[in-house]
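Data first, discussion second: the structure below is written as structure tokens.
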Amino acid sequence: MANAGTASDVTFYWYDYETFGTDKKRDRPAQFGGFRTDANFRRKSKDLLIYCSPADDYLPHPEACLLTGITPLMCLTEGEPEAVFANKIYKEFKEPNSIVLGYNNLKFDDEVSRFMFWRNLINPYDREYGEGRARMDMFTVIKALYAFKPDTLNWPHKDNGSVSMKLEELTKVNGLVHDHAHDALSDARATALLAKKIKDTEPKFWEYAVSLSNKENVQKLLDSQTALLVVADYSIPATKNLRLLFPILKSGKEYLCWDLTADPTELPQLKDSDLEARTNLTAEEREAGKNPLPFVSISANKYPFIVKASPFYRNEFEQMFSLNRTELAERTKFLKEMDKGFVGNLYLKLNEIRRERFEGTQPKDEDVETALYSGGFVSDQDRRVLDELRAMNEFELSEKSLTKDYQYKGMDKLIRRFISRNYPEAMTEQDSADWYLYKSQHLIRGANGSRTFEEYFKLLDELADRPNVNMELIEELREYGEGLQEDLQ
């Protein structure tokens, strides 16, 4: 691995959430744990362990509570309104020269942050860039370590013989302290200990992994016009979770790549009908024998783990990909010489198909609070207004927000919900009526995919029938749900 070096002023912020469910859009955070170290893992902050008080418009998934032991009543006692909870986290993430990282955070925890910030009028994205800020994901690092430096760690195995990359199992077989799995602070500490072990054992690998948090370094690799080994988002045991790719087109931070295990000579022959038939295939279509197009999209700002293939491509890798070095060179040469105009038109058509299919799968009545990715961007003017409002006390915010004009459709609704959820004492009479209607629609009718009372109590009954279940916790959850239900009657 190339030795990228680590800036002396860079700090790592290690963090984790425990949540009341796994739906990143709709489920709410229960607990946050985090702390800061310097690049050599020396402490730079005290532990931050905070709980989030659930608002009365939401029901947790009971199984999540059984897993973590964290209940709504516990969070009501020890926690803070989500607005306060979110602001404390945002302040830590926004620190200049911070690399924020957890374990599988890019796919889950960072998404929880984005939707939480959005609900609480905070910019969901600006903590991820600028002033030396960046993101990493230790789960991606671990997958890369297994592919390139497997002797660094002991690897736990599942019953079927495959390698397990669960955090609690990795820490156990490597003798690292991890006192309470599914406790946010304990998980954050365990993640940092795992990273330190990697740095101490394979410092060049670790420095390279850190260098990829800078999207400019990633873009240089993707612009290098060479075959690349990329850690896949999903499990591919046969190739140690690696894909062999060649970027054929760049569009902003997005790169369209060709999977080099497929013969690229078919590329110029592709017709629009082929794109229509072979793009975004379902699992059922794949099982039925439909062959997906060998395109892979890579985002430079989503911490892809990428290396140039040439230093590694021999022996084991030739066997894994069933492709020798000569064949690899021929395919790479063919793609380099492809007509760029043809590839550009192909990319436009692919994007059109993907957009149509994506929009076709989205709920028609998606709520403003879950429409972060589908509702368009917030203008700079609206963002300035939101920043002004957030600096006010709750009563001034409630009054002044009614006099503002917003370019973003639904922004006024988002703000009134924010006030009702976090500062009920500042609600207007109209807010109270709207909030009651909103809760009824979501908790009773299941609007926008919300968990209803009916679903909640059914889940509790099913869990109560399991052996060795914590019945005290089940009853606590039942009482909590019944209390919310009574308020709507």
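Each chain in the structure tokens gets a letter, A, B and so on, in the order shown; residues start at 1 in every chain, and ligands are counted from 1 in the order they appear.
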Can you check which parts of stretch 228-248 of chain A lie within 12 Å of stretch 293-303 of chain A? Per residue, the shortest pair of atoms and distance in Å to one decimal, counting only C-alpha atoms, sorted by chain and number, as CSV.
```
residue,atom,partner,partner_atom,distance
A:Leu228,CA,A:Ile298,CA,11.6
A:Val230,CA,A:Ile298,CA,9.3
A:Val231,CA,A:Tyr303,CA,10.2
A:Ala232,CA,A:Val296,CA,9.8
A:Asp233,CA,A:Ile298,CA,10.2
A:Arg243,CA,A:Val296,CA,9.3
A:Leu244,CA,A:Val296,CA,10.2
A:Leu245,CA,A:Val296,CA,7.9
A:Phe246,CA,A:Val296,CA,9.3
A:Pro247,CA,A:Ile298,CA,8.8
A:Ile248,CA,A:Phe295,CA,9.6
```
Output file for the selection above: C-alpha atoms, as a PDB file, in the first residue's frame:
```
ATOM      1  CA  LEU A 228      -8.740  -1.253 -10.040  1.00  0.00           C
ATOM      2  CA  VAL A 230     -12.555  -2.180  -5.257  1.00  0.00           C
ATOM      3  CA  VAL A 231     -14.148  -3.458  -2.047  1.00  0.00           C
ATOM      4  CA  ALA A 232     -17.765  -4.298  -2.885  1.00  0.00           C
ATOM      5  CA  ASP A 233     -20.738  -2.972  -0.934  1.00  0.00           C
ATOM      6  CA  ARG A 243     -14.543  -6.348  -7.673  1.00  0.00           C
ATOM      7  CA  LEU A 244     -12.183  -5.850 -10.619  1.00  0.00           C
ATOM      8  CA  LEU A 245     -13.218  -2.622 -12.332  1.00  0.00           C
ATOM      9  CA  PHE A 246     -12.227  -0.083 -14.958  1.00  0.00           C
ATOM     10  CA  PRO A 247     -13.755   3.434 -14.895  1.00  0.00           C
ATOM     11  CA  ILE A 248     -15.141   4.325 -18.319  1.00  0.00           C
TER      12      ILE A 248
END
```
List every residue of stretch 177-279 of chain A that DSSP, applied to the backbone of this structure, places in alpha helix (DSSP H), and write the result as a PyMOL selection string. chain A and resi 184-201+203-211+215-222+272-278
Using only C-alpha atoms, which residues sit within 9 Å of A:Thr68 once same-chain residues fewer than 5 positions away are excluded, as an mmCIF file with N, CA and C atoms, in the first residue's frame?
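Contents of the output file out03.cif:
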```
data_model
loop_
_atom_site.group_PDB
_atom_site.id
_atom_site.type_symbol
_atom_site.label_atom_id
_atom_site.label_comp_id
_atom_site.auth_asym_id
_atom_site.auth_seq_id
_atom_site.Cartn_x
_atom_site.Cartn_y
_atom_site.Cartn_z
ATOM 1 N N GLU A 18 -27.408 3.690 18.975
ATOM 2 C CA GLU A 18 -28.399 2.635 19.161
ATOM 3 C C GLU A 18 -29.730 3.273 18.807
ATOM 4 N N THR A 19 -30.550 2.564 18.056
ATOM 5 C CA THR A 19 -31.788 3.140 17.553
ATOM 6 C C THR A 19 -32.989 2.299 17.960
ATOM 7 N N GLU A 63 -38.524 -5.193 19.195
ATOM 8 C CA GLU A 63 -37.359 -6.079 19.135
ATOM 9 C C GLU A 63 -36.064 -5.306 19.300
ATOM 10 N N ALA A 181 -21.758 -5.079 23.964
ATOM 11 C CA ALA A 181 -22.214 -4.938 22.585
ATOM 12 C C ALA A 181 -23.618 -4.371 22.587
ATOM 13 N N HIS A 182 -23.927 -3.545 21.592
ATOM 14 C CA HIS A 182 -25.217 -2.866 21.474
ATOM 15 C C HIS A 182 -25.394 -1.784 22.537
ATOM 16 N N ASP A 183 -24.277 -1.285 23.031
ATOM 17 C CA ASP A 183 -24.237 -0.039 23.793
ATOM 18 C C ASP A 183 -23.388 0.907 22.956
#
```
Those in stretch 112-238 of chain A with strand (DSSP E or B) from DSSP, as a ChimeraX atom specification: /A:134-137,157,163,228-231
Using N, CA, C and O atoms, can you write the selected residues to a file as a compact mmCIF listing (two decimals), in the first residue's frame?
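Contents of part29.txt, freshly written:
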```
# COMPACT_ATOMS: atom_id res chain seq x y z
N ALA A 134 -14.05 14.83 6.95
CA ALA A 134 -14.17 13.67 6.07
C ALA A 134 -14.85 12.54 6.83
O ALA A 134 -15.09 12.64 8.05
N ARG A 135 -15.16 11.45 6.09
CA ARG A 135 -15.80 10.27 6.69
C ARG A 135 -15.00 9.02 6.34
O ARG A 135 -14.39 8.93 5.27
N MET A 136 -15.01 8.07 7.24
CA MET A 136 -14.50 6.73 6.98
C MET A 136 -15.52 5.73 7.51
O MET A 136 -16.45 6.10 8.22
N ASP A 137 -15.30 4.45 7.18
CA ASP A 137 -16.14 3.38 7.70
C ASP A 137 -15.25 2.20 8.00
O ASP A 137 -14.63 1.62 7.10
N HIS A 157 -15.47 -17.26 12.52
CA HIS A 157 -16.17 -17.94 11.43
C HIS A 157 -17.62 -18.24 11.83
O HIS A 157 -17.92 -18.51 12.99
N VAL A 163 -16.29 -16.35 6.87
CA VAL A 163 -15.76 -15.40 7.85
C VAL A 163 -16.86 -14.45 8.32
O VAL A 163 -17.65 -13.94 7.52
N LEU A 228 -8.69 -1.51 -11.48
CA LEU A 228 -8.74 -1.25 -10.04
C LEU A 228 -9.40 -2.42 -9.30
O LEU A 228 -10.31 -3.06 -9.83
N LEU A 229 -8.93 -2.67 -8.10
CA LEU A 229 -9.60 -3.60 -7.19
C LEU A 229 -10.36 -2.76 -6.18
O LEU A 229 -9.78 -1.90 -5.51
N VAL A 230 -11.67 -3.00 -6.08
CA VAL A 230 -12.55 -2.18 -5.26
C VAL A 230 -13.33 -3.08 -4.30
O VAL A 230 -13.89 -4.10 -4.72
N VAL A 231 -13.36 -2.71 -3.03
CA VAL A 231 -14.15 -3.46 -2.05
C VAL A 231 -15.63 -3.26 -2.35
O VAL A 231 -16.10 -2.12 -2.44
```
May I ask which of the residues A:Leu121, A:Leu59, A:Ile353, A:Val307 is the closest one to A:Glu479, counting only C-alpha atoms? A:Leu59
Using only C-alpha atoms, which residue out of A:Asn214, A:Asn123, A:Gln225, A:Thr11 lies closest to A:Phe35?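 Closest candidate: A:Thr11.
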